[in-house]
$ cat data.txt   # compact mmCIF, C-alpha atoms
# COMPACT_ATOMS: atom_id res chain seq x y z
CA MET P 1 -25.33 69.72 108.85
CA PRO P 2 -26.64 66.16 108.92
CA THR P 3 -29.65 65.38 111.02
CA ARG P 4 -28.49 63.82 114.25
CA GLY P 5 -30.09 61.03 116.19
CA SER P 6 -31.93 58.00 115.00
CA SER P 7 -32.46 58.89 111.33
CA PHE P 8 -28.70 59.43 110.94
CA THR P 9 -27.93 56.06 112.51
CA VAL P 10 -30.56 54.37 110.37
CA ALA P 11 -29.09 55.90 107.21
CA VAL P 12 -25.52 54.92 108.14
CA TRP P 13 -26.63 51.37 108.89
CA ALA P 14 -28.59 51.13 105.63
CA ILE P 15 -25.59 52.32 103.64
CA LEU P 16 -23.29 49.86 105.39
CA ARG P 17 -25.68 47.00 104.53
CA LYS P 18 -25.98 48.19 100.94
CA GLU P 19 -22.19 48.30 100.62
CA TRP P 20 -21.83 44.74 101.86
CA ARG P 21 -24.58 43.50 99.60
CA THR P 22 -23.09 45.08 96.46
CA GLU P 23 -19.61 43.94 97.44
CA TRP P 24 -20.77 40.41 98.13
CA ARG P 25 -22.53 40.20 94.75
CA THR P 26 -19.26 40.41 92.83
CA ARG P 27 -16.62 40.37 95.59
CA HIS P 28 -14.20 41.94 93.15
CA GLY P 29 -12.93 44.56 95.62
CA LEU P 30 -12.34 41.90 98.24
CA ASN P 31 -10.76 39.50 95.78
CA ALA P 32 -8.46 42.19 94.41
CA SER P 33 -7.34 43.24 97.89
CA LEU P 34 -6.79 39.73 99.19
CA LEU P 35 -4.91 38.75 96.07
CA PHE P 36 -2.81 41.89 96.29
CA ALA P 37 -2.02 41.33 99.96
CA LEU P 38 -1.14 37.68 99.34
CA THR P 39 1.11 38.41 96.37
CA THR P 40 2.86 41.17 98.32
CA LEU P 41 3.27 38.75 101.19
CA THR P 42 4.67 36.14 98.81
CA ALA P 43 7.10 38.65 97.35
CA VAL P 44 8.22 39.78 100.80
CA SER P 45 8.51 36.26 102.15
CA PHE P 46 10.36 35.07 99.05
CA ALA P 47 12.74 38.03 99.18
CA VAL P 48 13.73 37.80 102.85
CA GLY P 49 12.99 34.19 103.79
CA ARG P 50 12.05 33.27 107.35
CA LEU P 51 12.78 36.02 109.81
CA GLY P 52 12.40 34.16 113.09
CA ASP P 53 15.01 36.14 114.97
CA ARG P 54 14.47 39.53 113.32
CA THR P 55 11.40 40.84 115.11
CA ASP P 56 12.70 44.36 114.48
CA LEU P 57 11.95 43.93 110.76
CA MET P 58 8.70 41.99 110.94
CA GLY P 59 6.53 44.94 112.04
CA GLY P 60 7.55 47.00 109.03
CA LEU P 61 7.00 44.17 106.57
CA LEU P 62 3.60 43.28 108.07
CA TRP P 63 2.29 46.84 107.71
CA ILE P 64 3.63 47.19 104.18
CA VAL P 65 1.68 44.07 103.21
CA LEU P 66 -1.48 45.34 104.95
CA LEU P 67 -1.16 48.83 103.48
CA PHE P 68 -0.67 47.55 99.93
CA GLY P 69 -3.59 45.17 100.26
CA SER P 70 -5.97 47.81 101.59
CA LEU P 71 -4.96 50.53 99.17
CA ALA P 72 -5.76 48.21 96.28
CA SER P 73 -9.48 48.50 97.05
CA LEU P 74 -10.35 51.14 99.65
CA SER P 75 -11.13 53.79 97.03
CA HIS P 76 -13.63 51.32 95.65
CA ALA P 77 -16.50 52.38 97.92
CA PHE P 78 -16.84 55.75 96.18
CA VAL P 79 -15.39 54.90 92.77
CA ARG P 80 -18.07 52.22 92.38
CA GLU P 81 -20.82 54.84 92.79
CA VAL P 82 -19.22 57.13 90.24
CA GLU P 83 -18.63 54.36 87.71
CA GLY P 84 -22.08 52.88 88.18
CA ARG P 85 -23.61 56.40 88.00
CA THR P 86 -25.48 55.74 91.24
CA LEU P 87 -24.01 58.56 93.31
CA THR P 88 -26.75 61.07 92.46
CA PHE P 89 -29.43 58.64 93.58
CA LEU P 90 -27.56 57.83 96.77
CA ARG P 91 -27.27 61.51 97.57
CA LEU P 92 -31.02 61.94 97.15
CA VAL P 93 -31.71 59.49 99.95
CA ALA P 94 -28.93 60.27 102.44
CA THR P 95 -26.90 63.20 103.77
CA PRO P 96 -23.22 63.43 102.80
CA ALA P 97 -22.18 62.64 106.37
CA ALA P 98 -24.35 59.52 106.47
CA ILE P 99 -22.89 58.36 103.15
CA GLY P 100 -19.37 59.09 104.42
CA PHE P 101 -19.78 57.26 107.70
CA GLY P 102 -21.63 54.33 106.14
CA LYS P 103 -18.77 53.87 103.72
CA LEU P 104 -16.23 54.40 106.49
CA LEU P 105 -17.76 51.53 108.48
CA PHE P 106 -17.72 49.37 105.36
CA ASN P 107 -14.06 50.18 104.74
CA LEU P 108 -13.27 49.44 108.38
CA ALA P 109 -14.93 46.03 108.14
CA PHE P 110 -13.04 45.50 104.89
CA VAL P 111 -9.67 46.27 106.49
CA LEU P 112 -10.41 44.06 109.50
CA LEU P 113 -11.37 41.18 107.20
CA LEU P 114 -8.17 41.69 105.24
CA GLU P 115 -6.17 41.63 108.48
CA LEU P 116 -8.01 38.49 109.59
CA VAL P 117 -6.80 36.63 106.49
CA THR P 118 -3.39 38.22 105.98
CA VAL P 119 -1.97 38.41 109.51
CA PRO P 120 -2.15 34.67 110.32
CA MET P 121 -0.56 33.85 106.95
CA PHE P 122 2.15 36.43 107.61
CA LEU P 123 2.91 34.93 111.03
CA VAL P 124 3.05 31.41 109.60
CA LEU P 125 5.22 32.32 106.62
CA MET P 126 7.65 34.53 108.53
CA GLY P 127 8.10 32.31 111.55
CA GLY P 128 9.29 34.02 114.66
CA PRO P 129 8.00 34.19 118.22
CA PRO P 130 4.26 34.67 118.77
CA PRO P 131 3.25 38.30 119.28
CA ASP P 132 2.11 39.70 122.61
CA TRP P 133 -1.57 39.33 121.69
CA PRO P 134 -3.45 42.19 123.50
CA PRO P 135 -1.19 45.03 122.28
CA PHE P 136 -0.73 43.35 118.89
CA LEU P 137 -4.47 43.07 118.26
CA GLY P 138 -5.02 46.56 119.64
CA LEU P 139 -2.52 47.98 117.17
CA LEU P 140 -4.15 46.09 114.30
CA ALA P 141 -7.58 47.47 115.27
CA LEU P 142 -6.41 51.07 115.81
CA GLY P 143 -4.19 51.03 112.73
CA GLY P 144 -7.10 49.62 110.71
CA LEU P 145 -9.38 52.41 111.95
CA ALA P 146 -6.82 55.09 111.09
CA LEU P 147 -6.32 53.51 107.68
CA ALA P 148 -10.05 53.27 106.98
CA SER P 149 -10.94 56.78 108.14
CA THR P 150 -8.20 58.47 106.13
CA SER P 151 -8.68 56.45 102.98
CA THR P 152 -12.48 56.84 102.98
CA LEU P 153 -12.16 60.62 102.81
CA VAL P 154 -9.37 60.46 100.22
CA GLY P 155 -11.42 57.93 98.25
CA ALA P 156 -14.34 60.35 98.17
CA ILE P 157 -12.02 63.07 96.85
CA VAL P 158 -10.22 61.08 94.17
CA SER P 159 -13.41 59.42 92.89
CA GLN P 160 -14.14 62.83 91.33
CA THR P 161 -10.80 63.15 89.52
CA ARG P 162 -9.19 61.73 86.44
CA GLY P 163 -6.82 58.78 86.86
CA ARG P 164 -8.50 57.74 90.11
CA ALA P 165 -6.77 54.46 90.88
CA ALA P 166 -3.21 55.72 90.56
CA LEU P 167 -4.01 58.99 92.29
CA PHE P 168 -5.67 57.27 95.23
CA ALA P 169 -2.52 55.45 96.29
CA GLY P 170 -0.36 58.50 95.59
CA VAL P 171 -2.53 60.83 97.64
CA SER P 172 -3.46 58.62 100.57
CA LEU P 173 0.01 57.14 101.19
CA PRO P 174 1.62 60.42 102.31
CA LEU P 175 -1.27 61.07 104.71
CA LEU P 176 -0.93 57.55 106.06
CA LEU P 177 2.82 57.79 106.69
CA PRO P 178 2.41 59.03 110.29
CA VAL P 179 0.03 56.11 110.87
CA MET P 180 2.57 53.72 109.40
CA ALA P 181 5.34 55.16 111.55
CA ALA P 182 3.29 54.59 114.70
CA THR P 183 1.98 51.12 113.83
CA VAL P 184 5.38 49.86 112.69
CA SER P 185 7.18 51.14 115.76
CA GLY P 186 4.39 49.84 118.03
CA THR P 187 4.43 46.39 116.42
CA ARG P 188 8.19 46.26 116.81
CA ALA P 189 7.93 47.34 120.45
CA GLN P 190 5.36 44.67 121.36
CA TRP P 191 7.61 41.98 119.86
CA GLN P 192 10.42 43.23 122.03
CA HIS P 193 8.12 43.53 125.05
CA GLY P 194 8.38 47.32 125.21
CA SER P 195 5.67 49.88 125.90
CA ILE P 196 3.37 50.91 123.05
CA ARG P 197 1.71 53.72 124.96
CA SER P 198 3.00 56.66 122.91
CA GLU P 199 2.18 54.86 119.64
CA VAL P 200 -1.37 54.17 120.81
CA GLU P 201 -1.77 57.81 121.83
CA LEU P 202 -0.48 58.98 118.46
CA LEU P 203 -2.82 56.64 116.56
CA ALA P 204 -5.83 57.53 118.68
CA GLY P 205 -5.15 61.26 118.38
CA PHE P 206 -4.60 61.02 114.64
CA THR P 207 -7.78 59.02 114.09
CA ALA P 208 -9.83 61.36 116.29
CA ALA P 209 -8.51 64.39 114.38
CA VAL P 210 -9.24 62.83 110.97
CA LEU P 211 -12.73 61.73 112.05
CA GLY P 212 -13.45 65.16 113.53
CA ALA P 213 -12.36 66.87 110.33
CA SER P 214 -14.38 64.36 108.28
CA VAL P 215 -17.60 65.33 110.06
CA LEU P 216 -17.09 68.90 108.86
CA LEU P 217 -15.69 68.06 105.44
CA TYR P 218 -18.13 65.46 104.09
CA ASP P 219 -20.71 68.21 103.58
CA HIS P 220 -18.37 69.92 101.14
CA LEU P 221 -17.51 66.92 99.00
CA TRP P 222 -20.24 67.40 96.43
CA ASN P 223 -21.60 70.56 95.04
CA ASP P 224 -23.58 69.87 91.89
CA MET J 1 9.31 99.26 94.74
CA ILE J 2 10.45 100.93 97.98
CA ALA J 3 9.17 97.93 99.94
CA LYS J 4 11.24 95.60 97.78
CA VAL J 5 14.42 97.64 98.28
CA LEU J 6 13.77 97.83 102.03
CA LEU J 7 13.25 94.08 102.20
CA PHE J 8 16.50 93.48 100.32
CA LEU J 9 18.42 95.83 102.63
CA TRP J 10 16.81 94.29 105.71
CA ILE J 11 17.80 90.73 104.79
CA ALA J 12 21.29 91.87 103.77
CA ALA J 13 21.75 93.64 107.11
CA ALA J 14 20.41 90.68 109.07
CA LEU J 15 22.78 88.35 107.21
CA ALA J 16 25.72 90.64 107.82
CA ALA J 17 24.83 90.81 111.50
CA GLY J 18 24.52 87.04 111.70
CA PHE J 19 27.81 86.36 109.98
CA LEU J 20 30.01 89.24 111.14
CA TRP J 21 28.67 90.47 114.46
CA ALA J 22 26.91 87.61 116.28
CA PRO J 23 29.11 85.06 118.08
CA LEU J 24 29.15 81.32 117.37
CA VAL J 25 27.59 78.77 119.71
CA PRO J 26 30.35 76.80 121.47
CA GLY J 27 30.45 73.23 120.20
CA LEU J 28 28.58 74.03 116.98
CA GLY J 29 31.21 76.36 115.56
CA ALA J 30 30.56 77.78 112.11
CA THR J 31 27.51 75.53 111.69
CA THR J 32 25.67 77.85 114.10
CA ARG J 33 24.88 80.03 111.12
CA VAL J 34 22.48 77.52 109.63
CA LEU J 35 19.95 78.81 112.14
CA TYR J 36 19.61 82.05 110.18
CA PHE J 37 18.22 80.07 107.22
CA HIS J 38 16.99 76.76 108.51
CA ILE J 39 14.65 77.91 111.28
CA PRO J 40 13.09 80.81 109.33
CA ALA J 41 12.49 78.45 106.41
CA ALA J 42 10.83 75.91 108.70
CA TRP J 43 8.78 78.72 110.24
CA ILE J 44 7.64 79.96 106.82
CA THR J 45 6.72 76.38 105.88
CA VAL J 46 4.28 76.25 108.77
CA VAL J 47 3.00 79.79 108.09
CA ALA J 48 2.51 79.04 104.38
CA LEU J 49 0.72 75.76 104.98
CA GLY J 50 -1.42 77.38 107.66
CA TRP J 51 -2.24 80.20 105.23
CA SER J 52 -3.16 77.63 102.61
CA MET J 53 -5.42 75.79 105.05
CA VAL J 54 -7.16 78.97 106.21
CA HIS J 55 -7.89 79.96 102.62
CA SER J 56 -9.07 76.44 101.85
CA VAL J 57 -11.59 76.67 104.67
CA LEU J 58 -12.56 80.19 103.56
CA TYR J 59 -13.09 78.82 100.06
CA LEU J 60 -15.38 76.09 101.36
CA ARG J 61 -17.41 78.73 103.18
CA SER J 62 -17.61 81.41 100.51
CA ARG J 63 -16.91 79.50 97.25
CA ARG J 64 -14.89 82.41 95.90
CA LEU J 65 -12.03 81.31 93.64
CA GLU J 66 -9.76 84.08 94.98
CA HIS J 67 -9.36 82.03 98.15
CA ASP J 68 -8.36 79.02 96.09
CA ASP J 69 -5.67 81.11 94.38
CA HIS J 70 -4.23 81.94 97.78
CA ALA J 71 -4.47 78.34 98.98
CA ALA J 72 -2.68 76.99 95.90
CA ALA J 73 0.02 79.66 95.84
CA ALA J 74 0.74 79.33 99.56
CA ALA J 75 0.93 75.53 99.35
CA GLU J 76 3.46 75.75 96.52
CA LEU J 77 5.55 78.25 98.45
CA GLY J 78 5.24 76.16 101.61
CA LEU J 79 6.65 73.22 99.68
CA LEU J 80 9.51 75.36 98.39
CA PHE J 81 10.45 76.62 101.86
CA CYS J 82 10.07 73.09 103.18
CA VAL J 83 12.69 71.98 100.67
CA VAL J 84 14.97 74.82 101.83
CA ALA J 85 14.54 73.76 105.46
CA THR J 86 15.13 70.09 104.59
CA VAL J 87 18.24 70.72 102.50
CA SER J 88 19.79 73.21 104.93
CA GLY J 89 19.05 70.77 107.75
CA ALA J 90 20.66 67.90 105.85
CA MET J 91 23.78 69.98 105.21
CA TRP J 92 23.99 70.85 108.89
CA ALA J 93 23.48 67.20 109.80
CA LYS J 94 26.39 66.24 107.52
CA ALA J 95 28.64 68.68 109.37
CA VAL J 96 27.53 67.83 112.91
CA TRP J 97 26.17 64.28 112.77
CA HIS J 98 28.43 63.20 109.86
CA SER J 99 25.54 62.02 107.74
CA TYR J 100 23.18 63.88 105.44
CA TRP J 101 20.22 61.71 106.26
CA ASN J 102 19.62 59.37 109.13
CA TRP J 103 15.81 59.27 109.68
CA ASP J 104 15.98 61.24 112.87
CA PRO J 105 12.35 61.92 113.95
CA ARG J 106 12.59 65.50 112.71
CA GLU J 107 14.01 64.39 109.39
CA THR J 108 11.22 61.84 109.15
CA SER J 109 8.44 64.28 109.89
CA ILE J 110 9.64 67.00 107.53
CA PHE J 111 9.98 64.42 104.77
CA PHE J 112 6.41 63.22 105.37
CA LEU J 113 5.30 66.84 105.21
CA LEU J 114 7.01 67.26 101.83
CA LEU J 115 5.21 64.19 100.50
CA ILE J 116 1.82 65.28 101.85
CA TYR J 117 1.99 68.63 100.09
CA ALA J 118 3.49 67.13 96.93
CA ALA J 119 0.36 64.96 96.89
CA TYR J 120 -1.74 68.15 97.21
CA LEU J 121 -0.16 69.51 94.04
CA ALA J 122 -0.56 66.13 92.29
CA LEU J 123 -4.24 66.18 93.21
CA ARG J 124 -4.67 69.72 91.88
CA SER J 125 -3.06 68.83 88.57
CA SER J 126 -5.47 65.97 87.96
CA ILE J 127 -8.69 68.01 88.08
CA GLU J 128 -9.57 70.26 85.16
CA ASN J 129 -12.70 72.06 86.28
CA ASP J 130 -11.78 75.18 88.31
CA GLU J 131 -14.59 74.95 90.80
CA ARG J 132 -14.20 71.22 91.39
CA ARG J 133 -10.42 71.52 91.73
CA ALA J 134 -10.84 74.30 94.27
CA ARG J 135 -13.41 72.39 96.30
CA LEU J 136 -11.67 69.00 96.37
CA SER J 137 -8.21 70.39 97.01
CA ALA J 138 -9.65 72.52 99.83
CA VAL J 139 -11.04 69.38 101.45
CA TYR J 140 -7.68 67.64 101.03
CA SER J 141 -5.80 70.66 102.35
CA ALA J 142 -7.93 70.75 105.48
CA ILE J 143 -7.34 67.06 106.17
CA ALA J 144 -3.64 67.40 105.39
CA PHE J 145 -3.26 70.26 107.83
CA VAL J 146 -4.86 68.13 110.53
CA THR J 147 -1.84 65.84 110.26
CA VAL J 148 0.68 68.70 110.46
CA PRO J 149 0.56 69.10 114.28
CA PHE J 150 1.23 65.37 114.61
CA LEU J 151 4.25 65.62 112.38
CA ILE J 152 5.76 68.80 113.70
CA PHE J 153 4.96 68.76 117.38
CA VAL J 154 3.98 65.26 118.46
CA VAL J 155 6.21 62.79 116.59
CA PRO J 156 9.56 64.42 117.46
CA ARG J 157 8.53 64.63 121.10
CA ILE J 158 7.43 61.01 121.39
CA TYR J 159 10.53 59.56 119.77
CA PHE J 160 14.03 60.37 120.87
CA SER J 161 15.64 62.96 118.63
CA LEU J 162 19.14 64.33 118.33
CA HIS J 163 17.77 67.55 116.90
CA PRO J 164 18.65 70.63 118.98
CA ASP J 165 15.79 72.09 120.98
CA THR J 166 13.37 74.00 118.83
CA ILE J 167 12.45 77.61 119.48
CA ILE J 168 9.20 76.51 121.08
CA ASN J 169 10.93 74.06 123.41
CA PRO J 170 9.45 72.16 126.35
CA SER J 171 10.82 74.60 128.92
CA GLY J 172 9.31 77.52 126.99
CA LYS J 173 12.48 79.58 127.07
CA ILE J 174 14.64 80.89 124.28
CA GLU J 175 18.22 80.07 125.16
CA MET J 176 20.26 82.16 122.76
CA ASP J 177 22.98 84.72 122.97
CA PRO J 178 21.30 88.18 122.69
CA ARG J 179 23.25 89.00 119.52
CA ILE J 180 22.37 85.70 117.85
CA ARG J 181 18.78 86.25 118.92
CA LEU J 182 18.67 89.67 117.31
CA GLY J 183 20.11 88.40 114.02
CA PHE J 184 17.80 85.41 114.09
CA PHE J 185 14.63 87.41 114.66
CA ALA J 186 15.69 89.89 111.99
CA MET J 187 16.02 86.96 109.55
CA LEU J 188 12.67 85.61 110.68
CA ILE J 189 11.02 88.94 109.85
CA GLY J 190 12.98 89.13 106.60
CA PHE J 191 11.83 85.66 105.54
CA THR J 192 8.23 86.51 106.42
CA GLY J 193 8.46 89.64 104.26
CA LEU J 194 9.99 87.61 101.44
CA PHE J 195 7.18 85.09 101.69
CA ALA J 196 4.50 87.78 101.66
CA TRP J 197 6.06 89.36 98.58
CA ILE J 198 6.41 86.11 96.58
CA LEU J 199 2.91 85.07 97.62
CA ARG J 200 1.46 88.31 96.21
CA LEU J 201 3.31 87.80 92.94
CA LYS J 202 2.17 84.19 92.71
CA VAL J 203 -1.47 85.00 93.42
CA ARG J 204 -1.45 87.72 90.77
CA LEU J 205 0.12 85.30 88.30
CA VAL J 206 -2.55 82.65 88.96
CA ARG J 207 -5.30 85.26 88.47
CA ILE J 208 -3.85 86.43 85.18
CA GLU J 209 -3.57 82.82 84.00
CA ARG J 210 -7.20 82.16 84.87
CA ARG J 211 -8.42 85.30 83.13
CA THR J 212 -6.40 84.44 80.01
CA ALA J 213 -7.91 80.97 80.01
CA GLU J 214 -11.42 82.41 80.45
CA ARG J 215 -10.88 84.82 77.58
CA ALA J 216 -9.58 82.02 75.37
CA THR J 217 -12.72 79.94 75.94
CA ALA J 218 -15.12 82.89 75.70
$ encode --input "data.txt" --output "structure tokens"
Amino acid sequence: MPTRGSSFTVAVWAILRKEWRTEWRTRHGLNASLLFALTTLTAVSFAVGRLGDRTDLMGGLLWIVLLFGSLASLSHAFVREVEGRTLTFLRLVATPAAIGFGKLLFNLAFVLLLELVTVPMFLVLMGGPPPDWPPFLGLLALGGLALASTSTLVGAIVSQTRGRAALFAGVSLPLLLPVMAATVSGTRAQWQHGSIRSEVELLAGFTAAVLGASVLLYDHLWND
Amino acid sequence: MIAKVLLFLWIAAALAAGFLWAPLVPGLGATTRVLYFHIPAAWITVVALGWSMVHSVLYLRSRRLEHDDHAAAAAELGLLFCVVATVSGAMWAKAVWHSYWNWDPRETSIFFLLLIYAAYLALRSSIENDERRARLSAVYSAIAFVTVPFLIFVVPRIYFSLHPDTIINPSGKIEMDPRIRLGFFAMLIGFTGLFAWILRLKVRLVRIERRTAERATA
């Protein structure tokens, strides 16, 4: 088990800062994701045109764009260590749980940044009435957290396999389908001024379960 | 051998009881009989995936490859029974709802489940080293099983579904004709026996394969 308390927090914080620094040096994960999200958005927007009066469709399209964009790079956090042969060194200085949570926070920040750029562009390109901001932003935050926590764990798994990039999307998408179902139906509901309570409960429960399992599972990710 | 013959006779008798002796539910007509296949298959799906998860966790604790054999075999069988439940459900839906597939919450969640465990098998096939495959797929299996309660119990209860009440329904009662209930539980036991038997075969097969591979490299 990881050591609790201050040393754990310090390690998680150090790993988060290290992730940002290495990402910022090349920005190739961020660039790839943003480009992927924008091209998906272009394809979607081009294919369906402006959807001002079809708020029932916009939630689904928005989350497809966000999901595609994030999946392009979220495995990156662990794959980078494997490809740069730095994982062994990292594991010497931090516990598996600290590494996992540091990278989870990085992926969360990554998803939120992606949402920050993509969502306004989506709203502008698609037209339509403005969303009901508090539930809309809440769904983006909770959905982002569910996305980041699931894909961090899957990223850690697939970084140790062959054919990582293709496998990452193939393996994390099925796990993320319940998340998608909840975020899409919640986003649709807020546009139609309905209640998003059950969706929020589902997302929060899912995220709590995945995070709880992660605490136990990170210790088993590496053996050698 | 005797166990196999008994299992065969048991399932045959349960089927005969279900088709010839038990009455039909008013309104459902002949489609009532899907419950002798569909519900046991769905039940075995959950049992198999649970079995797989338990052995995954046991593997992570003990690091003995025997547990991984069980986890892999049970996941494959779970997927197979999940397909049976999905297809029998779709056929029933065609008869009663006039459409094979309509993304009813239960249809949605069982389809997600199929994909999640198909991904488990895809993950297994992409790792060559036995120990690493066992460890990583055990981690995935544990996280996948965390999502199962959401799919099976939460999603269909949050969203409106046309699906008939499940056996574990909100009121906690089994509303069935006594004769249907007898046939149904007999099929449930029969399916569980069938699962246990195929699982044993599958585990033995995996072990033989591994030993052959070890001998080939030695």
$ closest_residue --input "data.txt" --among "J:Ala90, J:Ile189, J:Leu28, J:Leu113" --to "Phe150 (chain J)" --atoms "all atoms listed in the file"
J:Leu113
$ closest_residue --input "data.txt" --among "P:Gly186, P:Pro96, P:Gly212, P:Pro120" --to "Val12 (chain P)" --atoms "all atoms listed in the file"
P:Pro96
$ interface_residues --input "data.txt" --of "chain J" --to "chain P" --cutoff "9 Å" --atoms "only C-alpha atoms" --output "PyMOL selection string"
chain J and resi 60+109+112-120+122-123+126-128+132-133+135-137+139-140+142-144+146-147+150-151+154-155+158-159
$ residues_around --input "data.txt" --residues "region 97-111 of chain P" --least-positions-apart "5" --cutoff "10 Å" --atoms "all atoms listed in the file" --output "ChimeraX atom specification"
/P:1-4,7-20,23,29-30,33,66-67,69-71,73-78,87,90-91,116,140-141,143-153,156,211,214-221
$ closest_residue --input "data.txt" --among "J:Val46, J:Val148, J:Ala71, J:Leu35" --to "Arg124 (chain J)" --atoms "only C-alpha atoms"
J:Ala71
$ atom_distance --input "data.txt" --atom1 "CA of Phe184 (chain J)" --atom2 "CA of Glu107 (chain J)"
21.9 Å
$ closest_residue --input "data.txt" --among "P:Met180, P:Gly138, P:Ser6, P:Leu112" --to "Gly59 (chain P)" --atoms "only C-alpha atoms"
P:Met180
$ atom_distance --input "data.txt" --atom1 "CA of Arg215 (chain J)" --atom2 "CA of Ala74 (chain J)"
25.5 Å
$ closest_residue --input "data.txt" --among "J:Thr212, J:Met53, J:Phe195, J:Leu182" --to "Ala16 (chain J)" --atoms "all atoms listed in the file"
J:Leu182
$ atom_distance --input "data.txt" --atom1 "CA of Ala75 (chain J)" --atom2 "CA of Asp130 (chain J)"
16.8 Å
$ residues_around --input "data.txt" --residues "Leu62 (chain P)" --least-positions-apart "6" --cutoff "9 Å" --atoms "only C-alpha atoms" --output "PyMOL selection string"
chain P and resi 41+118-119+122-123+184+187
$ write_last_selection --input "data.txt" --atoms "C-alpha atoms" --output "PDB file, in the frame of the given file"
ATOM      1  CA  LEU P  41       3.270  38.750 101.190  1.00  0.00           C
ATOM      2  CA  THR P 118      -3.390  38.220 105.980  1.00  0.00           C
ATOM      3  CA  VAL P 119      -1.970  38.410 109.510  1.00  0.00           C
ATOM      4  CA  PHE P 122       2.150  36.430 107.610  1.00  0.00           C
ATOM      5  CA  LEU P 123       2.910  34.930 111.030  1.00  0.00           C
ATOM      6  CA  VAL P 184       5.380  49.860 112.690  1.00  0.00           C
ATOM      7  CA  THR P 187       4.430  46.390 116.420  1.00  0.00           C
TER       8      THR P 187
END
$ closest_residue --input "data.txt" --among "J:Ala73, J:Ala213, J:Ala41, J:Leu205" --to "Thr86 (chain J)" --atoms "all atoms listed in the file"
J:Ala41
$ axis_aligned_box --input "data.txt" --around "region 13-27 of chain P" --padding-each-side "4 Å" --output "lines of an AutoDock Vina configuration file"
center_x = -22.6
center_y = 46.3
center_z = 100.9
size_x = 20.0
size_y = 20.1
size_z = 24.1
$ residues_around --input "data.txt" --residues "Thr31 (chain J)" --least-positions-apart "6" --cutoff "9 Å" --atoms "all atoms listed in the file" --output "count of residues only"
5
$ residues_around --input "data.txt" --residues "Thr42 (chain P)" --least-positions-apart "6" --cutoff "10 Å" --atoms "all atoms listed in the file" --output "short mmCIF file (atom, residue, chain, number, x, y, z; two decimals) with C-alpha atoms, keeping the file's coordinate frame"
data_model
loop_
_atom_site.label_atom_id
_atom_site.label_comp_id
_atom_site.auth_asym_id
_atom_site.auth_seq_id
_atom_site.Cartn_x
_atom_site.Cartn_y
_atom_site.Cartn_z
CA PHE P 36 -2.81 41.89 96.29
CA GLY P 49 12.99 34.19 103.79
CA VAL P 65 1.68 44.07 103.21
CA MET P 121 -0.56 33.85 106.95
CA PHE P 122 2.15 36.43 107.61
CA LEU P 125 5.22 32.32 106.62
#
$ build_atoms --input "data.txt" --residues "region 76-87 of chain P" --atoms "N, CA and C atoms" --output "compact mmCIF listing (two decimals), in the frame of the given file"
# COMPACT_ATOMS: atom_id res chain seq x y z
N HIS P 76 -12.55 51.99 96.34
CA HIS P 76 -13.63 51.32 95.65
C HIS P 76 -15.02 51.81 96.08
N ALA P 77 -15.19 52.04 97.38
CA ALA P 77 -16.50 52.38 97.92
C ALA P 77 -17.11 53.58 97.19
N PHE P 78 -16.29 54.59 96.88
CA PHE P 78 -16.84 55.75 96.18
C PHE P 78 -16.71 55.62 94.66
N VAL P 79 -15.60 55.02 94.22
CA VAL P 79 -15.39 54.90 92.77
C VAL P 79 -16.53 54.08 92.15
N ARG P 80 -16.99 53.06 92.89
CA ARG P 80 -18.07 52.22 92.38
C ARG P 80 -19.34 53.05 92.10
N GLU P 81 -19.64 53.99 93.00
CA GLU P 81 -20.82 54.84 92.79
C GLU P 81 -20.67 55.70 91.56
N VAL P 82 -19.44 56.24 91.38
CA VAL P 82 -19.22 57.13 90.24
C VAL P 82 -19.30 56.33 88.94
N GLU P 83 -18.66 55.15 88.94
CA GLU P 83 -18.63 54.36 87.71
C GLU P 83 -19.99 53.78 87.38
N GLY P 84 -20.74 53.42 88.43
CA GLY P 84 -22.08 52.88 88.18
C GLY P 84 -23.12 53.98 88.03
N ARG P 85 -22.72 55.23 88.09
CA ARG P 85 -23.61 56.40 88.00
C ARG P 85 -24.75 56.33 89.01
N THR P 86 -24.44 55.86 90.21
CA THR P 86 -25.48 55.74 91.24
C THR P 86 -25.34 56.79 92.32
N LEU P 87 -24.30 57.63 92.23
CA LEU P 87 -24.01 58.56 93.31
C LEU P 87 -25.15 59.58 93.49
